[in-house]
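Notes follow the structure.
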Amino acid sequence: MLCKEKLNIVVVASECAPFAKTGGLGDVAAALPKGLQARGHRVMVVMPRYKNYDGAIDTGVRITFNVMGNQAEVGYFHMHKNGVDTVFIDHQCYHSVADNIYAGDRHAANFRNAMLCQAAIEAVWHVPCGEDRTPYGDSDLVYMANDWHTSLLPVYLSAYYQDHGKLPYARSVFVIHNMAFQGRGPLDEFYSLQLPDHYKEHFYLDDPFGGECMNQMQAGLKFASKIIAVSAGYAWEITTDMGGWGLAPLLREQGDKLTGIVNGIDLEEWSPEYDNFLDGDGYTRYAPDASGFDGKLECKRALQRQLGLPERDDVPLLGFIGRLDHQKGVDLITDARHWLMGQDVQLVMLGSGREDLEQSLRSMENDHKDKCRCWVGFSVEMAHRITAGCDILLMPSRFEPCGLNQLYAMRYGTVPVVHAVGGLRETVRPYNPHTKEGTGWQFDEALTNKFQEAVGWALGTYREDKDTFKKIQLSGMQQDLSWGLAAERYEEKLIEAKYSW
Ligand SMILES: Nc1ncnc2c1ncn2[C@@H]1O[C@H](COP(=O)(O)OP(=O)(O)O[C@H]2O[C@H](CO)[C@@H](O)[C@H](O)[C@H]2O)[C@@H](O)[C@H]1O
């Protein structure tokens with residue numbers, strides 16, 4: 001359904017799939033704009049041009065900004081696809097991190113982020129967009145900043161424009177995908193951001209986690225008209241001292257601005273009937289309903305074959321996909337290795353990140369070559385194939401703002417076992433043996449024994465009660481996990497932002 005009130009929405013993010021992606025932010029920056037566009041809004045995504053992207057045209061527009069005290073000329077590239085405009089900010093500082101987009105020291109990261117925010121604000125004036133090649137202009141305008149990298153957007157909007165009578169009606173919304181990264185730095189770093197002195201107090205934080213610092217996310221949250229966390233559970237968790245990483249008092253104070261909206265999934269990218277990565281190598285597309293079970297079994301066999309595991313239909317195939325860091329609780333899996341590998345199971349893990357965790361994955365595979373494969377690296381193709389081929393997905397995250405892999409898994413009939421935290425608690429309905437309802441299993445503390453217990457329930461059901469396991473798979477597959485509803489809730493908040501002071 002179309003919204004009666006049309007907005008010009010500018011989504012600003014450091015990554016956006018398929019151009020640049022290191023995790024869930026890239027997926028959301030690609031999918032949410034499509035959902036908002038489908039409701040009738042004009043939507044632009046602004047991201048760095050890390051490299052040459054096929055189909056992105058040089059608009060010829062060049063603007064010089066004062067970025068952290070340096071005169072820097074940026075170019076604007078543009079692509080219009082599926083109704084959404086993507087604007088790529090072109091500058092050497094992005095090309096230099098093409099292979100690792102978050103590489104470099106704090107100064108380099110601040111420079112890239114400051115440039116992205118400044119260039120994004122002015123994109124509405126300068127960049128010809130849409131099929132008719134007209135700029136968005138500055139009415140009915142709402143910017144969406146995503147995570148700490150774009151924290152400066154609400155601040156620059158205020159300091160460089162609104163304090164000087166420009167863009168008086170534009171508003172900004174801050175979307176929190178992950179509070180753990182906030183752009184903290186030494187207090188003096190504030191001066192490099194080229195802001196008037198009286199803005200300093202908004203950056204100052206006496207952080208219980210690390211002492212006095214300047215905190216970019218804090219300033220961004222203060223200047224945004226609305227704050228959206230990526231699930232209701234996470235919106236609550238970040239107001240607690242445990243979950244707020246030093247910003248809980250601010251978020252409690254700004255409670256009336258804060259909401260949680262759980263992410264959806266882009267069904268054109270992540271649904272087994274449309275999935276291009278399931279074409280070839282013995283994989284096959286399948287319908288997300290009971291008629292798809294044969295296709296899913298084909299994918300399981302293909303995955304076993306591709307990874308050199310014994311090709312067995314009856315063995316439960318467990319999967320894990322994610323960044324290897326403290327958040328994702330991957331050490332709970334490696335700590336449970338003796339118990340897990342003592343079972344008649346197969347385990348496939350895909351991830352990259354912390355060196356020590358990469359090593360422990362490699363050593364687990366070495367010790368259990370007949371049962372375990374660990375793919376250390378980043379492969380979108382393998383992520384899709386593991387999601388399709390596995391029976392059970394493990395997500396023992398210590399904290400999880402929303403989580404997308406459990407949503408993808410459910411759509412593919414892969415049953416998630418999750419730590420009941422943040423968005424995982426909200427999106428996976430725990431199986432209830434009395435009503436025989438549910439879409440997965442949860443455990444309530446990030447402890448190895450609790451994790452093992454939950455995996456044990458899933459394995460027991462898989463082996464001994466196949467009908468129930470299938471019912472759980474079907475309940476997951478048939479949910480409406482699309483962006484439709486979430487986009488409508490975002491729209492409400494963006495409209496509220498437009499009318500806020
Ligand atoms: N090695 C690898 N190879 C290929 N693909 C890989 C990969 N490792 C991860 N991925 C992919 O990256 C995405 C991860 O998304 P998540 O939402 O699970 O986590 P992330 O912590 O990055 O996102 C943050 O933002 C999102 C979006 O709001 C929140 O859901 C989440 O809770 C929050 O932590 C998935 O598409 C997954 O397939």
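For the structure tokens, the naming scheme is as follows: chains receive sequential letters (A, B, ...) according to their order of presentation, residues are indexed from 1 within each chain, and ligands are indexed from 1 in presentation order.
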(request) Give as number ranges by chain the residues surrounding ligand 1 up to a distance of 8 Å, considering only C-alpha atoms and all ligand atoms. (result) A: 21-28, 176-178, 230, 263, 321-324, 327-328, 350-352, 375-384, 399-406, 422-423
Sorted by chain and rising residue number, which residues of region 209-269 of chain A lie within 9 Å of region 190-194 of chain A, and what are their closest atom pairs and distances in Å to one decimal, counting only C-alpha atoms, as JSON lines?
```
{"residue": "A:Met214", "atom": "CA", "partner": "A:Phe190", "partner_atom": "CA", "distance": 6.6}
{"residue": "A:Asn215", "atom": "CA", "partner": "A:Phe190", "partner_atom": "CA", "distance": 8.9}
{"residue": "A:Gln216", "atom": "CA", "partner": "A:Phe190", "partner_atom": "CA", "distance": 8.8}
```
What would the file look like if the residues just selected were written as a PDB file, in the first residue's frame with all heavy atoms?
```
ATOM      1  N   MET A 214      35.887  11.335  23.789  1.00  0.00           N
ATOM      2  CA  MET A 214      34.877  11.956  22.935  1.00  0.00           C
ATOM      3  C   MET A 214      34.183  10.811  22.197  1.00  0.00           C
ATOM      4  O   MET A 214      34.821   9.817  21.832  1.00  0.00           O
ATOM      5  CB  MET A 214      35.496  12.970  21.984  1.00  0.00           C
ATOM      6  CG  MET A 214      36.214  12.404  20.832  1.00  0.00           C
ATOM      7  SD  MET A 214      35.317  12.832  19.344  1.00  0.00           S
ATOM      8  CE  MET A 214      35.905  11.598  18.260  1.00  0.00           C
ATOM      9  N   ASN A 215      32.893  10.916  22.075  1.00  0.00           N
ATOM     10  CA  ASN A 215      32.116   9.792  21.587  1.00  0.00           C
ATOM     11  C   ASN A 215      31.206  10.288  20.462  1.00  0.00           C
ATOM     12  O   ASN A 215      30.260  11.045  20.692  1.00  0.00           O
ATOM     13  CB  ASN A 215      31.301   9.230  22.755  1.00  0.00           C
ATOM     14  CG  ASN A 215      30.553   7.973  22.387  1.00  0.00           C
ATOM     15  OD1 ASN A 215      29.831   7.950  21.391  1.00  0.00           O
ATOM     16  ND2 ASN A 215      30.702   6.937  23.188  1.00  0.00           N
ATOM     17  N   GLN A 216      31.512   9.857  19.237  1.00  0.00           N
ATOM     18  CA  GLN A 216      30.764  10.386  18.081  1.00  0.00           C
ATOM     19  C   GLN A 216      29.320   9.912  18.060  1.00  0.00           C
ATOM     20  O   GLN A 216      28.417  10.638  17.686  1.00  0.00           O
ATOM     21  CB  GLN A 216      31.461   9.968  16.783  1.00  0.00           C
ATOM     22  CG  GLN A 216      32.824  10.592  16.646  1.00  0.00           C
ATOM     23  CD  GLN A 216      33.472  10.292  15.301  1.00  0.00           C
ATOM     24  OE1 GLN A 216      32.805  10.125  14.299  1.00  0.00           O
ATOM     25  NE2 GLN A 216      34.786  10.219  15.284  1.00  0.00           N
TER      26      GLN A 216
END
```
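CA of Ser14 (chain A) sits 22.1 Å away from CA of Gly60 (chain A).
Distances here use only C-alpha atoms; by that measure, the residue among A:Val455, A:Leu195, A:Leu303, A:Val417 closest to Trp441 (chain A) is A:Val417.
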I'd like a table as JSON lines: residues in region 3-98 of chain A with an atom no more than 6 Å from region 142-161 of chain A, each row giving the shortest atom pair and its distance in Å to one decimal, only C-alpha atoms counted, sorted by chain and rising residue number.
```
{"residue": "A:Ile9", "atom": "CA", "partner": "A:Val142", "partner_atom": "CA", "distance": 5.1}
{"residue": "A:Val10", "atom": "CA", "partner": "A:Tyr143", "partner_atom": "CA", "distance": 4.7}
{"residue": "A:Val11", "atom": "CA", "partner": "A:Met144", "partner_atom": "CA", "distance": 4.7}
{"residue": "A:Val12", "atom": "CA", "partner": "A:Ala145", "partner_atom": "CA", "distance": 5.3}
{"residue": "A:Ala13", "atom": "CA", "partner": "A:Asn146", "partner_atom": "CA", "distance": 5.6}
```
(message) Taking only region 327-490 of chain A into account, list the residues labelled strand (DSSP E or B) by DSSP (computed from the backbone), as a ChimeraX atom specification.
(response) /A:346-353,372-376,392-395,415-419,430,432,437,440-443,482
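Look at Glu445 (chain A): the protein and nucleic acid residues within 8 Å of it, using only C-alpha atoms and passing over chain neighbours fewer than 2 places away, are His419, Ala420, Phe443, Leu447, Lys450 and Phe451 of chain A.
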(request) Tell me, as a PyMOL selection string, which residues lie within 9 Å of Thr86 (chain A), counting only C-alpha atoms; anything in the same chain fewer than 5 positions away does not count. (result) chain A and resi 43-47+56+77-81+129
For the residues selected in the previous step, produce a file with C-alpha atoms as a PDB file, in the first residue's frame.
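Produced file again11.pdb, reproduced below:
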```pdb
ATOM      1  CA  VAL A  43      14.711   6.880  -1.746  1.00  0.00           C
ATOM      2  CA  MET A  44      18.428   7.418  -2.202  1.00  0.00           C
ATOM      3  CA  VAL A  45      21.229   5.363  -0.672  1.00  0.00           C
ATOM      4  CA  VAL A  46      24.538   7.195  -0.271  1.00  0.00           C
ATOM      5  CA  MET A  47      27.691   5.118   0.187  1.00  0.00           C
ATOM      6  CA  ALA A  56      27.265   3.373 -11.785  1.00  0.00           C
ATOM      7  CA  PHE A  77      28.454   8.551  -9.248  1.00  0.00           C
ATOM      8  CA  HIS A  78      24.872   7.376  -9.651  1.00  0.00           C
ATOM      9  CA  MET A  79      22.813   4.290 -10.375  1.00  0.00           C
ATOM     10  CA  HIS A  80      19.025   3.962 -10.556  1.00  0.00           C
ATOM     11  CA  LYS A  81      17.838   0.395 -10.087  1.00  0.00           C
ATOM     12  CA  CYS A 129      18.515  11.213  -9.775  1.00  0.00           C
TER      13      CYS A 129
END
```
(message) So that I can check the surroundings of Tyr499 (chain A), please list as a PyMOL selection string every protein, DNA and RNA residue that reaches within 12 Å of it, counting only C-alpha atoms and ignoring chain neighbours fewer than 4 positions away.
(response) chain A and resi 5+7+140-142+168-172+225-226+492-495
(message) Residues of region 268-462 of chain A classed as alpha helix (DSSP H) by DSSP on the backbone are to be reported as a PyMOL selection string.
(response) chain A and resi 293-307+330-335+337-341+355-367+380-389+405-411+422-427+448-462
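Reported to one decimal place, the separation of CA of Arg463 (chain A) from CA of Asp444 (chain A) is 23.7 Å.
In this comparison, which uses only C-alpha atoms, the residue of A:Leu250, A:Asp281, A:Asp256, A:Asn66 approaching Glu496 (chain A) most closely is A:Asp256.
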Could you list, as a tab-separated table (two decimals) with C-alpha atoms, in the first residue's frame, every residue within 10 Å of Asn276 (chain A), counting only C-alpha atoms and ignoring same-chain residues fewer than 6 positions away?
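Output contents, as saved in around.tsv:
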```
chain	number	residue	atom	x	y	z
A	268	GLU	CA	14.57	-11.47	-3.80
A	269	GLU	CA	18.00	-12.20	-2.32
A	270	TRP	CA	17.25	-14.60	0.52
A	284	THR	CA	18.76	-26.59	-6.54
A	285	ARG	CA	16.20	-23.92	-5.80
A	381	GLU	CA	27.90	-17.88	-2.14
A	384	HIS	CA	23.61	-19.01	0.86
```
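You can rank A:Phe320, A:Phe181, A:Phe293, A:Trp501 by their closest distance to Phe469 (chain A) using only C-alpha atoms, and at the top of that list sits A:Phe293.
Residues in contact range of Thr448 (chain A), defined as at most 7 Å between only C-alpha atoms, with sequence neighbours fewer than 3 positions away removed, read A:Leu332, A:Asp335, A:Ala336, A:Phe451, A:Gln452.
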